[in-house]
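Next up, query.cif (mmCIF, C-alpha atoms):
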data_target
loop_
_atom_site.label_atom_id
_atom_site.label_comp_id
_atom_site.auth_asym_id
_atom_site.auth_seq_id
_atom_site.Cartn_x
_atom_site.Cartn_y
_atom_site.Cartn_z
CA ASP A 284 -1.15 21.47 0.86
CA GLY A 285 -3.39 18.59 -0.15
CA GLY A 286 -3.10 15.26 1.56
CA ILE A 287 -4.64 12.49 3.58
CA THR A 288 -5.09 12.83 7.32
CA GLN A 289 -5.58 9.83 9.57
CA SER A 290 -6.48 10.09 13.22
CA PRO A 291 -5.71 9.16 15.85
CA LYS A 292 -2.10 8.13 15.39
CA TYR A 293 -2.39 5.59 18.22
CA LEU A 294 -5.57 3.89 19.43
CA PHE A 295 -6.29 1.36 22.13
CA ARG A 296 -9.29 -0.93 22.15
CA LYS A 297 -10.83 -2.77 25.05
CA GLU A 298 -12.33 -6.23 24.65
CA GLY A 299 -15.80 -6.10 23.11
CA GLN A 300 -15.45 -2.48 22.05
CA ASN A 301 -15.96 -0.96 18.60
CA VAL A 302 -13.51 1.74 17.57
CA THR A 303 -13.55 4.07 14.57
CA LEU A 304 -10.49 5.24 12.65
CA SER A 305 -10.80 8.51 10.80
CA CYS A 306 -9.53 9.20 7.27
CA GLU A 307 -9.99 12.56 5.53
CA GLN A 308 -8.56 13.68 2.17
CA ASN A 309 -8.58 17.07 0.45
CA LEU A 310 -7.11 15.83 -2.83
CA ASN A 311 -10.52 15.64 -4.50
CA HIS A 312 -9.89 11.95 -5.17
CA ASP A 313 -12.81 9.71 -6.08
CA ALA A 314 -11.46 6.47 -4.63
CA MET A 315 -10.45 5.66 -1.07
CA TYR A 316 -9.05 2.50 0.49
CA TRP A 317 -8.31 0.92 3.84
CA TYR A 318 -5.38 -1.46 4.31
CA ARG A 319 -4.14 -3.46 7.25
CA GLN A 320 -0.40 -4.02 7.72
CA ASP A 321 1.02 -6.59 10.15
CA PRO A 322 4.75 -6.83 10.99
CA GLY A 323 6.73 -8.25 8.09
CA GLN A 324 3.63 -8.34 5.92
CA GLY A 325 2.45 -6.46 2.91
CA LEU A 326 -0.66 -4.32 2.79
CA ARG A 327 -3.91 -6.26 2.77
CA LEU A 328 -7.05 -4.59 1.47
CA ILE A 329 -9.96 -4.30 3.91
CA TYR A 330 -12.48 -2.13 2.04
CA TYR A 331 -12.46 0.31 -0.84
CA SER A 332 -14.82 2.92 -2.22
CA GLN A 333 -14.80 4.25 -5.76
CA ILE A 334 -17.54 6.85 -5.32
CA VAL A 335 -19.64 8.39 -2.58
CA ASN A 336 -22.26 6.11 -1.04
CA ASP A 337 -20.64 3.01 -2.51
CA PHE A 338 -18.00 0.66 -1.13
CA GLN A 339 -16.76 -2.87 -1.73
CA LYS A 340 -15.23 -5.55 0.48
CA GLY A 341 -11.55 -6.27 0.06
CA ASP A 342 -9.67 -9.44 0.95
CA ILE A 343 -10.08 -9.22 4.75
CA ALA A 344 -13.36 -7.34 5.39
CA GLU A 345 -14.68 -9.58 8.18
CA GLY A 346 -14.90 -7.71 11.49
CA TYR A 347 -14.71 -4.29 9.83
CA SER A 348 -17.25 -1.78 8.51
CA VAL A 349 -17.00 1.47 6.57
CA SER A 350 -19.13 4.34 5.29
CA ARG A 351 -18.65 6.86 2.49
CA GLU A 352 -21.19 9.62 3.04
CA LYS A 353 -18.84 12.35 1.82
CA LYS A 354 -16.18 12.34 -0.88
CA GLU A 355 -13.58 13.57 1.60
CA SER A 356 -14.19 11.02 4.36
CA PHE A 357 -13.91 7.23 4.64
CA PRO A 358 -14.02 6.12 8.29
CA LEU A 359 -13.24 2.55 9.28
CA THR A 360 -14.89 0.86 12.26
CA VAL A 361 -13.11 -2.08 13.84
CA THR A 362 -15.88 -4.08 15.47
CA SER A 363 -15.75 -6.48 18.40
CA ALA A 364 -16.09 -9.28 15.84
CA GLN A 365 -12.51 -8.63 14.73
CA LYS A 366 -10.66 -10.88 17.18
CA ASN A 367 -7.15 -9.85 16.23
CA PRO A 368 -7.30 -6.11 15.56
CA THR A 369 -3.76 -5.20 16.62
CA ALA A 370 -2.12 -3.82 13.45
CA PHE A 371 -1.09 -0.72 11.55
CA TYR A 372 -4.01 0.66 9.52
CA LEU A 373 -3.37 2.70 6.39
CA CYS A 374 -5.85 4.78 4.45
CA ALA A 375 -5.18 5.68 0.82
CA SER A 376 -6.83 7.52 -2.03
CA SER A 377 -6.43 7.73 -5.78
CA PRO A 378 -7.99 9.97 -8.44
CA GLN A 379 -10.13 7.43 -10.26
CA GLY A 380 -9.69 4.21 -8.35
CA ALA A 381 -10.22 1.08 -10.32
CA LEU A 382 -10.78 2.99 -13.54
CA SER A 383 -7.16 3.84 -14.13
CA ASN A 384 -3.67 2.96 -13.05
CA GLN A 385 -3.10 6.07 -10.97
CA PRO A 386 -0.85 5.82 -7.92
CA GLN A 387 -2.27 5.69 -4.45
CA HIS A 388 -1.57 8.40 -1.87
CA PHE A 389 -1.35 7.19 1.71
CA GLY A 390 -1.99 8.70 5.13
CA ASP A 391 0.47 8.33 8.01
CA GLY A 392 -1.48 5.45 9.53
CA THR A 393 -3.15 4.55 12.81
CA ARG A 394 -1.58 1.99 15.12
CA LEU A 395 -4.28 0.02 16.93
CA SER A 396 -3.58 -2.10 20.00
CA ILE A 397 -5.71 -4.13 22.41
CA LEU A 398 -5.72 -3.16 26.09
CA GLY B 276 -6.06 -14.06 -7.82
CA GLN B 277 -2.60 -12.66 -7.45
CA SER B 278 0.52 -13.39 -5.46
CA LEU B 279 3.76 -11.45 -5.56
CA GLU B 280 7.09 -12.69 -4.21
CA GLN B 281 9.92 -10.46 -3.04
CA PRO B 282 13.06 -11.15 -0.99
CA SER B 283 12.46 -10.29 2.66
CA GLU B 284 15.71 -8.38 3.12
CA VAL B 285 18.53 -6.91 1.05
CA THR B 286 21.67 -5.22 2.37
CA ALA B 287 24.11 -2.94 0.55
CA VAL B 288 26.65 -0.20 1.20
CA GLU B 289 26.38 3.50 0.50
CA GLY B 290 27.12 4.41 -3.10
CA ALA B 291 26.37 0.91 -4.39
CA ILE B 292 23.64 -0.31 -6.76
CA VAL B 293 20.98 -2.71 -5.54
CA GLN B 294 18.22 -4.60 -7.34
CA ILE B 295 15.01 -5.74 -5.63
CA ASN B 296 13.19 -8.44 -7.55
CA CYS B 297 9.49 -9.16 -7.73
CA THR B 298 7.93 -12.21 -9.34
CA TYR B 299 4.21 -12.59 -9.67
CA GLN B 300 1.52 -15.08 -10.48
CA THR B 301 -1.71 -13.55 -11.57
CA SER B 302 -4.72 -14.25 -13.71
CA GLY B 303 -4.87 -11.08 -15.75
CA PHE B 304 -2.35 -8.34 -15.21
CA TYR B 305 -2.10 -4.66 -16.09
CA GLY B 306 1.11 -3.38 -14.54
CA LEU B 307 3.52 -3.30 -11.63
CA SER B 308 3.96 -0.49 -9.11
CA TRP B 309 6.67 0.14 -6.53
CA TYR B 310 6.23 1.89 -3.18
CA GLN B 311 8.71 2.93 -0.50
CA GLN B 312 7.86 2.88 3.21
CA HIS B 313 10.08 4.12 6.01
CA ASP B 314 9.52 2.58 9.45
CA GLY B 315 6.10 3.49 10.83
CA GLY B 316 5.39 5.84 7.95
CA ALA B 317 3.19 6.21 4.93
CA PRO B 318 4.06 4.28 1.76
CA THR B 319 5.01 6.61 -1.08
CA PHE B 320 4.69 5.83 -4.77
CA LEU B 321 7.95 5.37 -6.69
CA SER B 322 7.12 4.06 -10.16
CA TYR B 323 4.70 2.16 -12.38
CA ASN B 324 5.40 -0.11 -15.35
CA ALA B 325 2.48 -0.72 -17.67
CA LEU B 326 4.70 -1.88 -20.53
CA ASP B 327 7.74 -4.12 -20.75
CA GLY B 328 11.04 -2.38 -20.34
CA LEU B 329 12.82 0.06 -18.10
CA GLU B 330 11.37 3.20 -16.54
CA GLU B 331 13.91 5.62 -15.10
CA THR B 332 13.23 8.28 -12.46
CA GLY B 333 16.41 9.81 -11.12
CA ARG B 334 18.36 7.30 -9.03
CA PHE B 335 15.50 4.79 -9.20
CA SER B 336 14.59 2.61 -12.18
CA SER B 337 11.95 -0.08 -12.54
CA PHE B 338 11.79 -2.90 -15.03
CA LEU B 339 9.00 -5.22 -16.17
CA SER B 340 9.00 -8.38 -18.26
CA ARG B 341 5.48 -9.73 -18.76
CA SER B 342 6.70 -12.86 -20.52
CA ASP B 343 8.76 -13.76 -17.43
CA SER B 344 6.16 -12.47 -14.90
CA TYR B 345 9.02 -10.56 -13.35
CA GLY B 346 10.01 -7.06 -12.44
CA TYR B 347 12.63 -5.29 -10.41
CA LEU B 348 13.43 -1.99 -8.77
CA LEU B 349 16.96 -0.71 -9.26
CA LEU B 350 18.40 1.81 -6.83
CA GLN B 351 21.65 3.53 -7.78
CA GLU B 352 24.09 5.64 -5.76
CA LEU B 353 22.58 4.32 -2.56
CA GLN B 354 22.20 6.72 0.34
CA MET B 355 21.55 5.97 4.02
CA LYS B 356 18.10 7.51 3.66
CA ASP B 357 17.20 4.76 1.16
CA SER B 358 17.00 2.30 4.07
CA ALA B 359 13.32 1.42 4.03
CA SER B 360 10.85 -1.25 2.96
CA TYR B 361 10.02 -1.52 -0.73
CA PHE B 362 6.78 -3.09 -1.96
CA CYS B 363 5.85 -4.23 -5.42
CA ALA B 364 2.15 -4.17 -6.23
CA GLY B 365 0.38 -5.79 -9.15
CA ASP B 366 -2.84 -4.47 -10.59
CA ALA B 367 -5.70 -6.86 -9.96
CA SER B 368 -7.49 -8.72 -12.73
CA GLY B 369 -11.04 -8.39 -13.90
CA GLY B 370 -10.87 -4.81 -15.15
CA SER B 371 -9.80 -3.39 -11.81
CA TYR B 372 -6.63 -1.42 -11.15
CA ILE B 373 -6.76 -1.98 -7.41
CA PRO B 374 -3.27 -3.20 -6.51
CA THR B 375 -2.29 -6.32 -4.61
CA PHE B 376 0.88 -5.80 -2.59
CA GLY B 377 3.82 -8.10 -2.05
CA ARG B 378 5.16 -8.63 1.48
CA GLY B 379 7.89 -6.06 1.03
CA THR B 380 11.69 -6.06 0.98
CA SER B 381 13.60 -4.42 3.82
CA LEU B 382 16.62 -2.59 2.36
CA ILE B 383 19.43 -1.90 4.82
CA VAL B 384 22.11 0.51 3.64
CA HIS B 385 25.41 0.41 5.54
CA PRO B 386 28.01 3.20 5.64
#
Could you rewrite the structure in this file as structure tokens?
Amino acid sequence: DGGITQSPKYLFRKEGQNVTLSCEQNLNHDAMYWYRQDPGQGLRLIYYSQIVNDFQKGDIAEGYSVSREKKESFPLTVTSAQKNPTAFYLCASSPQGALSNQPQHFGDGTRLSIL
Amino acid sequence: GQSLEQPSEVTAVEGAIVQINCTYQTSGFYGLSWYQQHDGGAPTFLSYNALDGLEETGRFSSFLSRSDSYGYLLLQELQMKDSASYFCAGDASGGSYIPTFGRGTSLIVHP
């Protein structure tokens, strides 16, 4: 079955450490997204990518970095510059991204905490 | 930019009908989506309104009025499993369909 796989499910970060969250999809979708969700909050867009080797900053990109070297993969790195990284991180994909109003498909999320 | 307002919590009993409202302020607007998220899980797509009016999908319906900058999700014949958070999301302006999400409404269904 096609879907989006995020790993790990839980992740702990030490002070000053960079950590990378994995997101893989086998839906053959062009666009991929990273969102951050805090308790009682909606989903806030961190980065998105509409095609391979291209990505754009979302509303809260500071302290994060991404890459899109393959269509299937869109890893997110939470850098030490992100001072409040504790949150639930959701990866999503859609067939054509910003070119059409197609629904987004989400992974099961990664919960990141600070040690 | 966009902002979408939803009630933070709605409660109802099994078998009832509940309406979750969403009002938005946006410069440029294409349509309104609704997503369901159970605790700690992945949001799942429920519906999308690109035009004014009612879209029906089984027990769930969604409505949009562009003139009122308002939409709602209607859930009928409520079941316990419908207890979840529901998010409205408006398509961004400037030729992009990347959605902006509201803060979500927690629906609690009682027996």
Counting only C-alpha atoms, which residues of chain A fall within 10 Å of chain B, and what is the closest atom pair for each with its distance in Å at one decimal, ordered by chain and rising number, as CSV?
residue,atom,partner,partner_atom,distance
A:Tyr316,CA,B:Ile373,CA,9.4
A:Gln320,CA,B:Arg378,CA,9.5
A:Asp321,CA,B:Arg378,CA,9.8
A:Pro322,CA,B:Arg378,CA,9.7
A:Gly323,CA,B:Arg378,CA,6.8
A:Gln324,CA,B:Arg378,CA,4.7
A:Gly325,CA,B:Arg378,CA,3.8
A:Leu326,CA,B:Phe376,CA,5.8
A:Arg327,CA,B:Phe376,CA,7.2
A:Leu328,CA,B:Thr375,CA,7.9
A:Tyr331,CA,B:Ile373,CA,9.0
A:Gly341,CA,B:Ile373,CA,9.9
A:Asp342,CA,B:Thr375,CA,9.8
A:Phe371,CA,B:Gly315,CA,8.4
A:Leu373,CA,B:Ala317,CA,7.6
A:Cys374,CA,B:Ala317,CA,9.2
A:Ala375,CA,B:Ala317,CA,9.3
A:Ser377,CA,B:Ile373,CA,9.9
A:Gln379,CA,B:Tyr372,CA,9.6
A:Gly380,CA,B:Ile373,CA,6.9
A:Ala381,CA,B:Tyr372,CA,4.5
A:Leu382,CA,B:Tyr372,CA,6.5
A:Ser383,CA,B:Tyr372,CA,6.1
A:Asn384,CA,B:Tyr372,CA,5.6
A:Gln385,CA,B:Tyr372,CA,8.3
A:Pro386,CA,B:Phe320,CA,6.4
A:Gln387,CA,B:Phe320,CA,7.0
A:His388,CA,B:Thr319,CA,6.9
A:Phe389,CA,B:Ala317,CA,5.7
A:Gly390,CA,B:Ala317,CA,5.8
A:Asp391,CA,B:Ala317,CA,4.6
A:Gly392,CA,B:Ala317,CA,6.6
A:Thr393,CA,B:Gly315,CA,9.5
A:Arg394,CA,B:Gly315,CA,8.9
Legend entry - Selected residue, from B:Gly333, B:Glu289, B:Gly365, B:Tyr347, that lies nearest to Phe304 in chain B when counting all atoms listed in the file: B:Gly365
Legend entry - Between CA of Ala344 in chain A and CA of Ser376 in chain A, distance in Å (one decimal): 17.8 Å
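With CA of Ser358 in chain B on one side and CA of Leu329 in chain B on the other, the separation reads 22.7 Å.
Matched in the shown structure by the PyMOL selection byres ((chain B and resi 336-344) around 7): Thr298, Tyr299, Gln300, Ser322, Asn324, Leu326, Asp327, Gly328, Leu329, Glu330, Glu331, Thr332, Arg334, Phe335, Tyr345, Gly346, Tyr347, Leu348, Leu349 and Leu350 of chain B.
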